[in-house]
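As provided, my_file-v2.cif (mmCIF, C-alpha atoms) reads as follows.
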```
data_work
#
loop_
_atom_site.group_PDB
_atom_site.id
_atom_site.type_symbol
_atom_site.label_atom_id
_atom_site.label_comp_id
_atom_site.auth_asym_id
_atom_site.auth_seq_id
_atom_site.Cartn_x
_atom_site.Cartn_y
_atom_site.Cartn_z
ATOM 1 C CA MET J 1 -16.409 -12.202 1.442
ATOM 2 C CA GLN J 2 -17.560 -11.906 5.053
ATOM 3 C CA PHE J 3 -16.347 -8.828 6.941
ATOM 4 C CA ASP J 4 -18.430 -8.804 10.114
ATOM 5 C CA GLY J 5 -16.612 -10.814 12.782
ATOM 6 C CA ALA J 6 -13.485 -11.298 10.677
ATOM 7 C CA SER J 7 -9.997 -10.304 11.819
ATOM 8 C CA ALA J 8 -7.368 -8.256 9.997
ATOM 9 C CA ILE J 9 -3.830 -6.980 10.262
ATOM 10 C CA VAL J 10 -3.307 -3.508 8.776
ATOM 11 C CA THR J 11 0.263 -2.256 8.506
ATOM 12 C CA GLY J 12 1.255 1.369 8.221
ATOM 13 C CA ALA J 13 -2.027 2.021 10.026
ATOM 14 C CA GLY J 14 -0.978 4.938 12.193
ATOM 15 C CA GLN J 15 -1.958 7.534 9.593
ATOM 16 C CA GLY J 16 -2.998 8.063 5.988
ATOM 17 C CA ILE J 17 -4.308 5.155 3.934
ATOM 18 C CA GLY J 18 -3.554 2.585 6.630
ATOM 19 C CA ALA J 19 -5.523 4.441 9.293
ATOM 20 C CA ALA J 20 -8.415 4.902 6.850
ATOM 21 C CA LEU J 21 -8.373 1.171 6.067
ATOM 22 C CA ALA J 22 -8.345 0.279 9.769
ATOM 23 C CA ARG J 23 -11.313 2.559 10.419
ATOM 24 C CA ALA J 24 -13.232 1.293 7.384
ATOM 25 C CA LEU J 25 -12.683 -2.336 8.351
ATOM 26 C CA ALA J 26 -13.716 -1.680 11.954
ATOM 27 C CA ALA J 27 -16.890 -0.012 10.699
ATOM 28 C CA GLU J 28 -17.658 -3.274 8.852
ATOM 29 C CA GLY J 29 -17.319 -5.248 12.084
ATOM 30 C CA VAL J 30 -13.738 -6.458 11.538
ATOM 31 C CA ASN J 31 -11.390 -6.913 14.487
ATOM 32 C CA VAL J 32 -8.238 -5.016 13.544
ATOM 33 C CA LEU J 33 -4.630 -5.194 14.616
ATOM 34 C CA VAL J 34 -3.166 -1.740 13.999
ATOM 35 C CA SER J 35 0.548 -1.882 13.181
ATOM 36 C CA ASP J 36 2.797 1.107 12.608
ATOM 37 C CA LEU J 37 6.355 2.262 13.154
ATOM 38 C CA SER J 38 5.075 4.998 15.476
ATOM 39 C CA GLN J 39 3.965 3.751 18.869
ATOM 40 C CA GLU J 40 1.979 6.928 19.523
ATOM 41 C CA SER J 41 0.054 6.744 16.245
ATOM 42 C CA THR J 42 -0.551 3.034 16.634
ATOM 43 C CA HIS J 43 -2.138 3.415 20.055
ATOM 44 C CA ARG J 44 -4.186 6.431 18.967
ATOM 45 C CA VAL J 45 -5.818 4.625 16.037
ATOM 46 C CA ALA J 46 -6.198 1.334 17.913
ATOM 47 C CA GLU J 47 -7.932 3.077 20.814
ATOM 48 C CA GLU J 48 -10.258 4.874 18.414
ATOM 49 C CA ILE J 49 -11.478 1.643 16.768
ATOM 50 C CA ASP J 50 -11.107 -0.681 19.765
ATOM 51 C CA GLY J 51 -8.318 -2.488 17.951
ATOM 52 C CA VAL J 52 -5.083 -4.139 18.987
ATOM 53 C CA PRO J 53 -1.953 -1.958 18.807
ATOM 54 C CA HIS J 54 1.394 -3.163 17.508
ATOM 55 C CA HIS J 55 4.409 -1.060 16.664
ATOM 56 C CA GLY J 56 7.787 -1.819 15.170
ATOM 57 C CA ASP J 57 9.929 -1.751 12.063
ATOM 58 C CA LEU J 58 8.565 -4.245 9.533
ATOM 59 C CA CYS J 59 11.928 -4.412 7.796
ATOM 60 C CA ASN J 60 12.812 -6.693 10.716
ATOM 61 C CA PRO J 61 11.490 -10.264 10.237
ATOM 62 C CA SER J 62 11.212 -10.821 13.996
ATOM 63 C CA VAL J 63 8.893 -7.814 14.281
ATOM 64 C CA ILE J 64 6.634 -9.305 11.599
ATOM 65 C CA ALA J 65 6.599 -12.651 13.418
ATOM 66 C CA ALA J 66 5.664 -10.905 16.676
ATOM 67 C CA MET J 67 2.886 -9.009 14.884
ATOM 68 C CA VAL J 68 1.368 -12.200 13.474
ATOM 69 C CA ASP J 69 1.694 -13.985 16.824
ATOM 70 C CA LEU J 70 -0.071 -11.115 18.587
ATOM 71 C CA ALA J 71 -2.927 -11.151 16.078
ATOM 72 C CA ASN J 72 -3.331 -14.906 16.401
ATOM 73 C CA ASP J 73 -3.277 -14.670 20.187
ATOM 74 C CA ARG J 74 -5.872 -11.908 20.332
ATOM 75 C CA PHE J 75 -8.183 -13.015 17.511
ATOM 76 C CA GLY J 76 -7.592 -16.778 17.311
ATOM 77 C CA LYS J 77 -6.942 -16.479 13.582
ATOM 78 C CA VAL J 78 -6.199 -13.870 10.926
ATOM 79 C CA ASP J 79 -8.588 -13.591 8.000
ATOM 80 C CA MET J 80 -7.064 -10.590 6.224
ATOM 81 C CA LEU J 81 -3.656 -9.034 5.764
ATOM 82 C CA MET J 82 -3.528 -5.432 4.545
ATOM 83 C CA SER J 83 0.124 -4.666 3.770
ATOM 84 C CA ASN J 84 0.116 -0.903 3.514
ATOM 85 C CA ALA J 85 3.353 0.218 5.190
ATOM 86 C CA GLY J 86 5.589 2.173 2.841
ATOM 87 C CA PHE J 87 7.653 5.295 2.345
ATOM 88 C CA ALA J 88 9.008 7.567 -0.390
ATOM 89 C CA LEU J 89 11.817 10.082 -0.137
ATOM 90 C CA GLY J 90 12.580 11.007 -3.720
ATOM 91 C CA GLU J 91 16.042 11.262 -5.251
ATOM 92 C CA PRO J 92 18.546 14.109 -4.964
ATOM 93 C CA ASP J 93 19.836 13.669 -8.520
ATOM 94 C CA GLY J 94 18.329 10.853 -10.547
ATOM 95 C CA PRO J 95 17.904 7.078 -10.173
ATOM 96 C CA THR J 96 21.536 6.340 -9.301
ATOM 97 C CA SER J 97 21.870 9.051 -6.655
ATOM 98 C CA ARG J 98 20.405 7.128 -3.716
ATOM 99 C CA MET J 99 22.767 4.783 -1.896
ATOM 100 C CA ASP J 100 22.279 1.029 -1.636
ATOM 101 C CA ALA J 101 20.855 1.351 1.879
ATOM 102 C CA HIS J 102 17.871 3.298 0.569
ATOM 103 C CA TRP J 103 17.158 0.690 -2.104
ATOM 104 C CA HIS J 104 17.548 -2.088 0.461
ATOM 105 C CA THR J 105 15.049 -0.483 2.853
ATOM 106 C CA SER J 106 12.582 0.072 0.006
ATOM 107 C CA TRP J 107 12.840 -3.593 -0.943
ATOM 108 C CA GLU J 108 12.495 -4.824 2.641
ATOM 109 C CA LEU J 109 9.396 -2.750 3.370
ATOM 110 C CA HIS J 110 7.550 -2.758 0.046
ATOM 111 C CA VAL J 111 8.191 -6.386 -0.925
ATOM 112 C CA MET J 112 9.701 -8.565 1.785
ATOM 113 C CA ALA J 113 7.396 -7.378 4.572
ATOM 114 C CA HIS J 114 4.381 -8.571 2.581
ATOM 115 C CA LEU J 115 6.106 -11.812 1.612
ATOM 116 C CA ARG J 116 7.170 -12.584 5.189
ATOM 117 C CA ALA J 117 3.742 -11.882 6.668
ATOM 118 C CA SER J 118 2.066 -13.911 3.919
ATOM 119 C CA ARG J 119 4.480 -16.782 4.538
ATOM 120 C CA LEU J 120 3.400 -16.873 8.186
ATOM 121 C CA LEU J 121 -0.322 -16.476 7.518
ATOM 122 C CA LEU J 122 -0.818 -18.703 4.473
ATOM 123 C CA PRO J 123 -0.691 -22.063 6.307
ATOM 124 C CA GLN J 124 -3.727 -21.233 8.430
ATOM 125 C CA MET J 125 -5.534 -19.643 5.487
ATOM 126 C CA LEU J 126 -4.862 -22.647 3.273
ATOM 127 C CA ALA J 127 -6.098 -24.968 6.026
ATOM 128 C CA ARG J 128 -9.370 -23.017 6.146
ATOM 129 C CA ARG J 129 -9.389 -22.503 2.359
ATOM 130 C CA ALA J 130 -10.182 -18.868 3.060
ATOM 131 C CA GLY J 131 -8.178 -15.720 3.494
ATOM 132 C CA VAL J 132 -7.389 -12.323 2.011
ATOM 133 C CA LEU J 133 -3.953 -10.921 1.149
ATOM 134 C CA VAL J 134 -3.911 -7.276 0.082
ATOM 135 C CA ASN J 135 -0.854 -5.274 -0.898
ATOM 136 C CA VAL J 136 -1.407 -1.535 -1.057
ATOM 137 C CA ALA J 137 1.148 -0.793 -3.739
ATOM 138 C CA SER J 138 0.850 2.289 -5.955
ATOM 139 C CA ALA J 139 0.133 3.332 -9.508
ATOM 140 C CA ALA J 140 3.937 3.639 -9.588
ATOM 141 C CA GLY J 141 3.874 -0.162 -9.558
ATOM 142 C CA VAL J 142 2.256 -0.248 -12.998
ATOM 143 C CA LEU J 143 3.496 3.113 -14.300
ATOM 144 C CA SER J 144 6.417 5.016 -12.756
ATOM 145 C CA GLN J 145 7.066 7.668 -10.115
ATOM 146 C CA ILE J 146 9.165 10.473 -11.542
ATOM 147 C CA GLY J 147 12.017 11.222 -9.177
ATOM 148 C CA ASP J 148 11.969 8.003 -7.139
ATOM 149 C CA ALA J 149 13.317 4.955 -8.961
ATOM 150 C CA ALA J 150 13.575 2.859 -5.798
ATOM 151 C CA TYR J 151 9.910 3.470 -5.003
ATOM 152 C CA SER J 152 8.832 2.621 -8.551
ATOM 153 C CA ALA J 153 10.992 -0.495 -8.814
ATOM 154 C CA THR J 154 9.891 -1.968 -5.499
ATOM 155 C CA LYS J 155 6.240 -1.135 -6.094
ATOM 156 C CA HIS J 156 6.500 -2.952 -9.444
ATOM 157 C CA ALA J 157 7.896 -5.902 -7.498
ATOM 158 C CA ALA J 158 5.036 -5.649 -5.001
ATOM 159 C CA VAL J 159 2.501 -5.884 -7.834
ATOM 160 C CA SER J 160 4.360 -8.845 -9.316
ATOM 161 C CA LEU J 161 4.483 -10.657 -5.967
ATOM 162 C CA ALA J 162 0.743 -10.157 -5.487
ATOM 163 C CA GLN J 163 0.121 -11.497 -8.971
ATOM 164 C CA SER J 164 2.196 -14.606 -8.240
ATOM 165 C CA LEU J 165 0.285 -15.203 -4.994
ATOM 166 C CA ALA J 166 -3.019 -14.836 -6.844
ATOM 167 C CA ILE J 167 -1.979 -17.261 -9.581
ATOM 168 C CA GLU J 168 -0.677 -19.830 -7.101
ATOM 169 C CA HIS J 169 -3.391 -19.694 -4.453
ATOM 170 C CA GLY J 170 -6.530 -18.357 -6.116
ATOM 171 C CA ARG J 171 -7.990 -21.840 -6.431
ATOM 172 C CA ASP J 172 -7.116 -22.535 -2.782
ATOM 173 C CA GLY J 173 -9.694 -20.042 -1.555
ATOM 174 C CA ILE J 174 -7.209 -17.202 -1.051
ATOM 175 C CA GLN J 175 -8.279 -13.818 -2.404
ATOM 176 C CA VAL J 176 -5.310 -11.673 -3.406
ATOM 177 C CA SER J 177 -5.642 -8.033 -4.381
ATOM 178 C CA VAL J 178 -3.233 -5.200 -5.104
ATOM 179 C CA VAL J 179 -4.248 -1.563 -4.701
ATOM 180 C CA CYS J 180 -2.698 0.988 -7.069
ATOM 181 C CA PRO J 181 -3.665 4.583 -6.273
ATOM 182 C CA LEU J 182 -2.136 7.662 -7.837
ATOM 183 C CA TYR J 183 -1.642 10.656 -5.541
ATOM 184 C CA VAL J 184 -3.408 10.526 -2.164
ATOM 185 C CA ALA J 185 -3.671 13.325 0.399
ATOM 186 C CA THR J 186 -1.531 11.776 3.138
ATOM 187 C CA PRO J 187 1.343 13.021 5.309
ATOM 188 C CA LEU J 188 3.655 11.573 2.649
ATOM 189 C CA LEU J 189 2.554 14.460 0.431
ATOM 190 C CA GLY J 190 2.384 16.959 3.287
ATOM 191 C CA TYR J 191 -1.360 16.778 4.034
ATOM 192 C CA ASP J 192 -3.066 16.433 7.400
ATOM 193 C CA GLU J 193 -5.905 14.080 8.283
ATOM 194 C CA ASP J 194 -8.655 16.173 6.632
ATOM 195 C CA PRO J 195 -7.109 18.203 3.812
ATOM 196 C CA SER J 196 -9.220 20.888 2.176
ATOM 197 C CA ASP J 197 -6.579 22.279 -0.194
ATOM 198 C CA ARG J 198 -5.730 19.207 -2.258
ATOM 199 C CA PRO J 199 -5.467 19.677 -6.032
ATOM 200 C CA ALA J 200 -7.796 17.990 -8.484
ATOM 201 C CA GLY J 201 -6.829 14.349 -8.905
ATOM 202 C CA VAL J 202 -5.525 14.002 -5.346
ATOM 203 C CA ILE J 203 -8.027 11.837 -3.485
ATOM 204 C CA SER J 204 -8.452 11.256 0.239
ATOM 205 C CA PRO J 205 -7.293 8.204 2.221
ATOM 206 C CA GLN J 206 -10.961 7.492 2.876
ATOM 207 C CA ASP J 207 -11.540 7.288 -0.882
ATOM 208 C CA VAL J 208 -8.765 4.683 -1.142
ATOM 209 C CA ALA J 209 -10.179 2.674 1.761
ATOM 210 C CA LYS J 210 -13.656 2.658 0.213
ATOM 211 C CA ALA J 211 -12.290 1.637 -3.202
ATOM 212 C CA THR J 212 -10.276 -1.140 -1.548
ATOM 213 C CA LEU J 213 -13.216 -2.607 0.338
ATOM 214 C CA ASP J 214 -15.466 -2.277 -2.711
ATOM 215 C CA GLY J 215 -12.813 -4.057 -4.779
ATOM 216 C CA LEU J 216 -12.534 -6.865 -2.243
ATOM 217 C CA LYS J 217 -16.288 -7.331 -2.175
ATOM 218 C CA ALA J 218 -16.260 -7.525 -5.982
ATOM 219 C CA GLY J 219 -13.378 -10.018 -5.927
ATOM 220 C CA ARG J 220 -11.034 -7.848 -7.994
ATOM 221 C CA PHE J 221 -7.283 -8.442 -8.160
ATOM 222 C CA MET J 222 -6.285 -5.010 -9.487
ATOM 223 C CA ILE J 223 -7.932 -2.174 -7.578
ATOM 224 C CA PHE J 224 -7.545 1.322 -9.024
ATOM 225 C CA PRO J 225 -8.910 4.011 -6.650
ATOM 226 C CA HIS J 226 -8.116 6.492 -9.442
ATOM 227 C CA PRO J 227 -9.901 5.169 -12.576
ATOM 228 C CA GLU J 228 -7.511 7.149 -14.777
ATOM 229 C CA ALA J 229 -4.596 5.000 -13.525
ATOM 230 C CA GLN J 230 -6.088 1.991 -15.283
ATOM 231 C CA LYS J 231 -6.325 4.033 -18.496
ATOM 232 C CA PHE J 232 -2.672 5.105 -18.192
ATOM 233 C CA PHE J 233 -1.700 1.473 -17.553
ATOM 234 C CA ALA J 234 -3.458 0.406 -20.749
ATOM 235 C CA GLN J 235 -1.788 3.199 -22.722
ATOM 236 C CA ARG J 236 1.633 2.185 -21.452
ATOM 237 C CA ALA J 237 1.011 -1.436 -22.453
ATOM 238 C CA ALA J 238 -0.324 -0.499 -25.895
ATOM 239 C CA ASP J 239 2.624 1.712 -26.881
ATOM 240 C CA THR J 240 5.418 1.777 -24.316
ATOM 241 C CA ASP J 241 7.764 3.876 -26.457
ATOM 242 C CA ARG J 242 5.145 6.594 -26.803
ATOM 243 C CA TRP J 243 4.386 6.427 -23.084
ATOM 244 C CA VAL J 244 8.073 6.789 -22.122
ATOM 245 C CA ALA J 245 8.423 9.757 -24.476
ATOM 246 C CA GLY J 246 5.425 11.377 -22.817
ATOM 247 C CA MET J 247 6.917 10.807 -19.384
ATOM 248 C CA GLN J 248 10.183 12.364 -20.563
ATOM 249 C CA ARG J 249 8.303 15.487 -21.620
ATOM 250 C CA LEU J 250 6.496 15.534 -18.282
ATOM 251 C CA ARG J 251 9.821 15.241 -16.445
ATOM 252 C CA GLU J 252 11.131 18.243 -18.380
ATOM 253 C CA ARG J 253 8.046 20.265 -17.507
ATOM 254 C CA VAL J 254 8.378 19.364 -13.828
ATOM 255 C CA SER J 255 12.053 20.390 -13.877
ATOM 256 C CA GLU J 256 11.093 23.820 -15.199
ATOM 257 C CA GLN J 257 8.535 24.403 -12.438
ATOM 258 C CA THR J 258 10.023 23.001 -9.241
ATOM 259 C CA ASP J 259 13.425 22.382 -7.734
ATOM 260 C CA GLY J 260 12.506 19.089 -6.064
ATOM 261 C CA THR J 261 11.286 15.693 -7.212
ATOM 262 C CA ASP J 262 10.180 14.472 -3.791
ATOM 263 C CA PRO J 263 6.484 13.481 -3.794
ATOM 264 C CA ALA J 264 5.380 16.482 -1.738
ATOM 265 C CA SER J 265 6.860 18.875 -4.327
ATOM 266 C CA LEU J 266 6.132 16.848 -7.447
ATOM 267 C CA HIS J 267 2.462 15.999 -7.207
ATOM 268 C CA ARG J 268 1.207 19.580 -7.545
ATOM 269 C CA PHE J 269 2.765 19.890 -11.000
ATOM 270 C CA ILE J 270 1.211 16.832 -12.605
#
```

Translate the structure described by the file into structure tokens.
Amino acid sequence: MQFDGASAIVTGAGQGIGAALARALAAEGVNVLVSDLSQESTHRVAEEIDGVPHHGDLCNPSVIAAMVDLANDRFGKVDMLMSNAGFALGEPDGPTSRMDAHWHTSWELHVMAHLRASRLLLPQMLARRAGVLVNVASAAGVLSQIGDAAYSATKHAAVSLAQSLAIEHGRDGIQVSVVCPLYVATPLLGYDEDPSDRPAGVISPQDVAKATLDGLKAGRFMIFPHPEAQKFFAQRAADTDRWVAGMQRLRERVSEQTDGTDPASLHRFI
């Protein structure tokens, strides 16, 4: 696909993976709309890459519509959508311990935000028979995140939605990809922009951005920035009972070593 001169929307782009994607795309000559919940972060990254800032809560459909309108107004068209916005809080006491509001917000941000933006962008992409829809999901979307059922369930749904879009529109010239990293050194896990103390297996946001762009250039649907995630995915599919039993043992080991199951506490024990 052609990057230089193209235009892109990147959500959750104020920090972490989203900011790394925005910078990587800009370095390839892409005009980028930087969207984030934080106005300060949005403007900081947009100024750095000479992009267009947009801030707001993407759980709100009107905010998504305004984002797409702004991108169309500034760029004339949108070639790429990078749906990266997300969050994870963990669970105080198992899958049923979070209230409905938490599950609802997870669904709105991890699934519906991508669907709503795609719904608005697909007509112009289909008319051109060209366009890219990327959902930055998680390895939790093909495996599971211990201690956060809402995150795992909605990331599974995000992978499924991307797959449906790829099946439906692949022959229409629309490239659909889903990115499934394991642990990444982002503020979500308590890391700053340039972490030097990350454990083995925790990669940088820049690594994810590079893997994503490499995957797009290769035309891949499933993009695994951690190669081992693809191996775990295959093992789960080959013998799900054995895989669940292994995850149960891992959960027991985590419980013995840490009091919390939030991502910032959990990832250092796996």

Just to confirm, what's the straight-line distance from atom CA of J:Ser138 to atom CA of J:Leu58 in Å (one decimal)?
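A separation of 18.5 Å between them.
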
Give as a list of chain:residue names every residue, naming chains and numbers as the document does, that has an atom within 12 Å of (-8.6, -6.3, -10.6), counting only C-alpha atoms.
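It turns out the residues near that spot are J:Val134, J:Val159, J:Ala162, J:Gln163, J:Ala166, J:Gln175, J:Val176, J:Ser177, J:Val178, J:Val179, J:Cys180, J:Ala211, J:Thr212, J:Asp214, J:Gly215, J:Leu216, J:Lys217, J:Ala218, J:Gly219, J:Arg220, J:Phe221, J:Met222, J:Ile223, J:Phe224, J:Pro225, J:Pro227, J:Gln230.
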
Residues near stretch 71-81 of chain J, cut-off 9 Å, only C-alpha atoms, skip fewer than 5 positions along chain, as a PDB file with C-alpha atoms, in the coordinates of the input:
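out.pdb, written as the output of this step:
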```pdb
ATOM      1  CA  ALA J   6     -13.485 -11.298  10.677  1.00  0.00           C
ATOM      2  CA  SER J   7      -9.997 -10.304  11.819  1.00  0.00           C
ATOM      3  CA  ALA J   8      -7.368  -8.256   9.997  1.00  0.00           C
ATOM      4  CA  ILE J   9      -3.830  -6.980  10.262  1.00  0.00           C
ATOM      5  CA  VAL J  10      -3.307  -3.508   8.776  1.00  0.00           C
ATOM      6  CA  THR J  11       0.263  -2.256   8.506  1.00  0.00           C
ATOM      7  CA  ASN J  31     -11.390  -6.913  14.487  1.00  0.00           C
ATOM      8  CA  VAL J  32      -8.238  -5.016  13.544  1.00  0.00           C
ATOM      9  CA  LEU J  33      -4.630  -5.194  14.616  1.00  0.00           C
ATOM     10  CA  VAL J  52      -5.083  -4.139  18.987  1.00  0.00           C
ATOM     11  CA  ALA J  66       5.664 -10.905  16.676  1.00  0.00           C
ATOM     12  CA  HIS J 114       4.381  -8.571   2.581  1.00  0.00           C
ATOM     13  CA  ALA J 117       3.742 -11.882   6.668  1.00  0.00           C
ATOM     14  CA  SER J 118       2.066 -13.911   3.919  1.00  0.00           C
ATOM     15  CA  LEU J 121      -0.322 -16.476   7.518  1.00  0.00           C
ATOM     16  CA  GLN J 124      -3.727 -21.233   8.430  1.00  0.00           C
ATOM     17  CA  MET J 125      -5.534 -19.643   5.487  1.00  0.00           C
ATOM     18  CA  ALA J 130     -10.182 -18.868   3.060  1.00  0.00           C
ATOM     19  CA  GLY J 131      -8.178 -15.720   3.494  1.00  0.00           C
ATOM     20  CA  VAL J 132      -7.389 -12.323   2.011  1.00  0.00           C
ATOM     21  CA  LEU J 133      -3.953 -10.921   1.149  1.00  0.00           C
ATOM     22  CA  VAL J 134      -3.911  -7.276   0.082  1.00  0.00           C
ATOM     23  CA  ASN J 135      -0.854  -5.274  -0.898  1.00  0.00           C
TER      24      ASN J 135
END
```

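Each of J:Ala46, J:Val63, J:Met247, J:Met82 was compared to J:Ser144 using only C-alpha atoms, and J:Met247 turns out to be the nearest.
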
Evaluate the PyMOL selection byres ((chain J and resi 21) around 9) here and jot the selected residues down as an MDAnalysis selection string.
chainID J and resid 10 13 16:20 22:26 82 205:206 208:210 212:213

Evaluated on this file, the PyMOL selection byres ((chain J and resi 154) around 8) picks out some residues - which ones are they, written as a ChimeraX atom specification?
/J:106-107,110-111,141,150-153,155-158

Create the file for the chosen residues now, containing C-alpha atoms and written as a tab-separated table (two decimals), in the frame of the given file.
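What landed in part25.tsv:
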```
chain	number	residue	atom	x	y	z
J	106	SER	CA	12.58	0.07	0.01
J	107	TRP	CA	12.84	-3.59	-0.94
J	110	HIS	CA	7.55	-2.76	0.05
J	111	VAL	CA	8.19	-6.39	-0.92
J	141	GLY	CA	3.87	-0.16	-9.56
J	150	ALA	CA	13.58	2.86	-5.80
J	151	TYR	CA	9.91	3.47	-5.00
J	152	SER	CA	8.83	2.62	-8.55
J	153	ALA	CA	10.99	-0.50	-8.81
J	155	LYS	CA	6.24	-1.14	-6.09
J	156	HIS	CA	6.50	-2.95	-9.44
J	157	ALA	CA	7.90	-5.90	-7.50
J	158	ALA	CA	5.04	-5.65	-5.00
```

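For the pair atom CA of J:Val184 and atom CA of J:His226, the interatomic distance is 9.6 Å.
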
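Comparing the minimum interatomic distances between J:Glu108 and each of J:Asp239, J:Glu168, J:Glu48, J:Asp57, counting only C-alpha atoms, we find that J:Asp57 sits nearest.
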
Coordinates-based distance that separates atom CA of J:Asp69 from atom CA of J:Ile174 (Å, one decimal):
20.2 Å

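You can rank J:Ala127, J:Ala245, J:Ala229, J:Leu37 by their closest distance to J:Gly173 using only C-alpha atoms, and at the top of that list sits J:Ala127.
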
Counting all atoms listed in the file, which of J:Asp50, J:Glu40, J:Glu252, J:Asp148 gets nearest to J:Phe87?
J:Asp148

Counting all atoms listed in the file, which residue out of J:Ala88, J:Leu250, J:Asp36, J:Leu115 sits closest to J:Pro61?
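Ranking J:Ala88, J:Leu250, J:Asp36, J:Leu115 by distance to J:Pro61, first place goes to J:Leu115.
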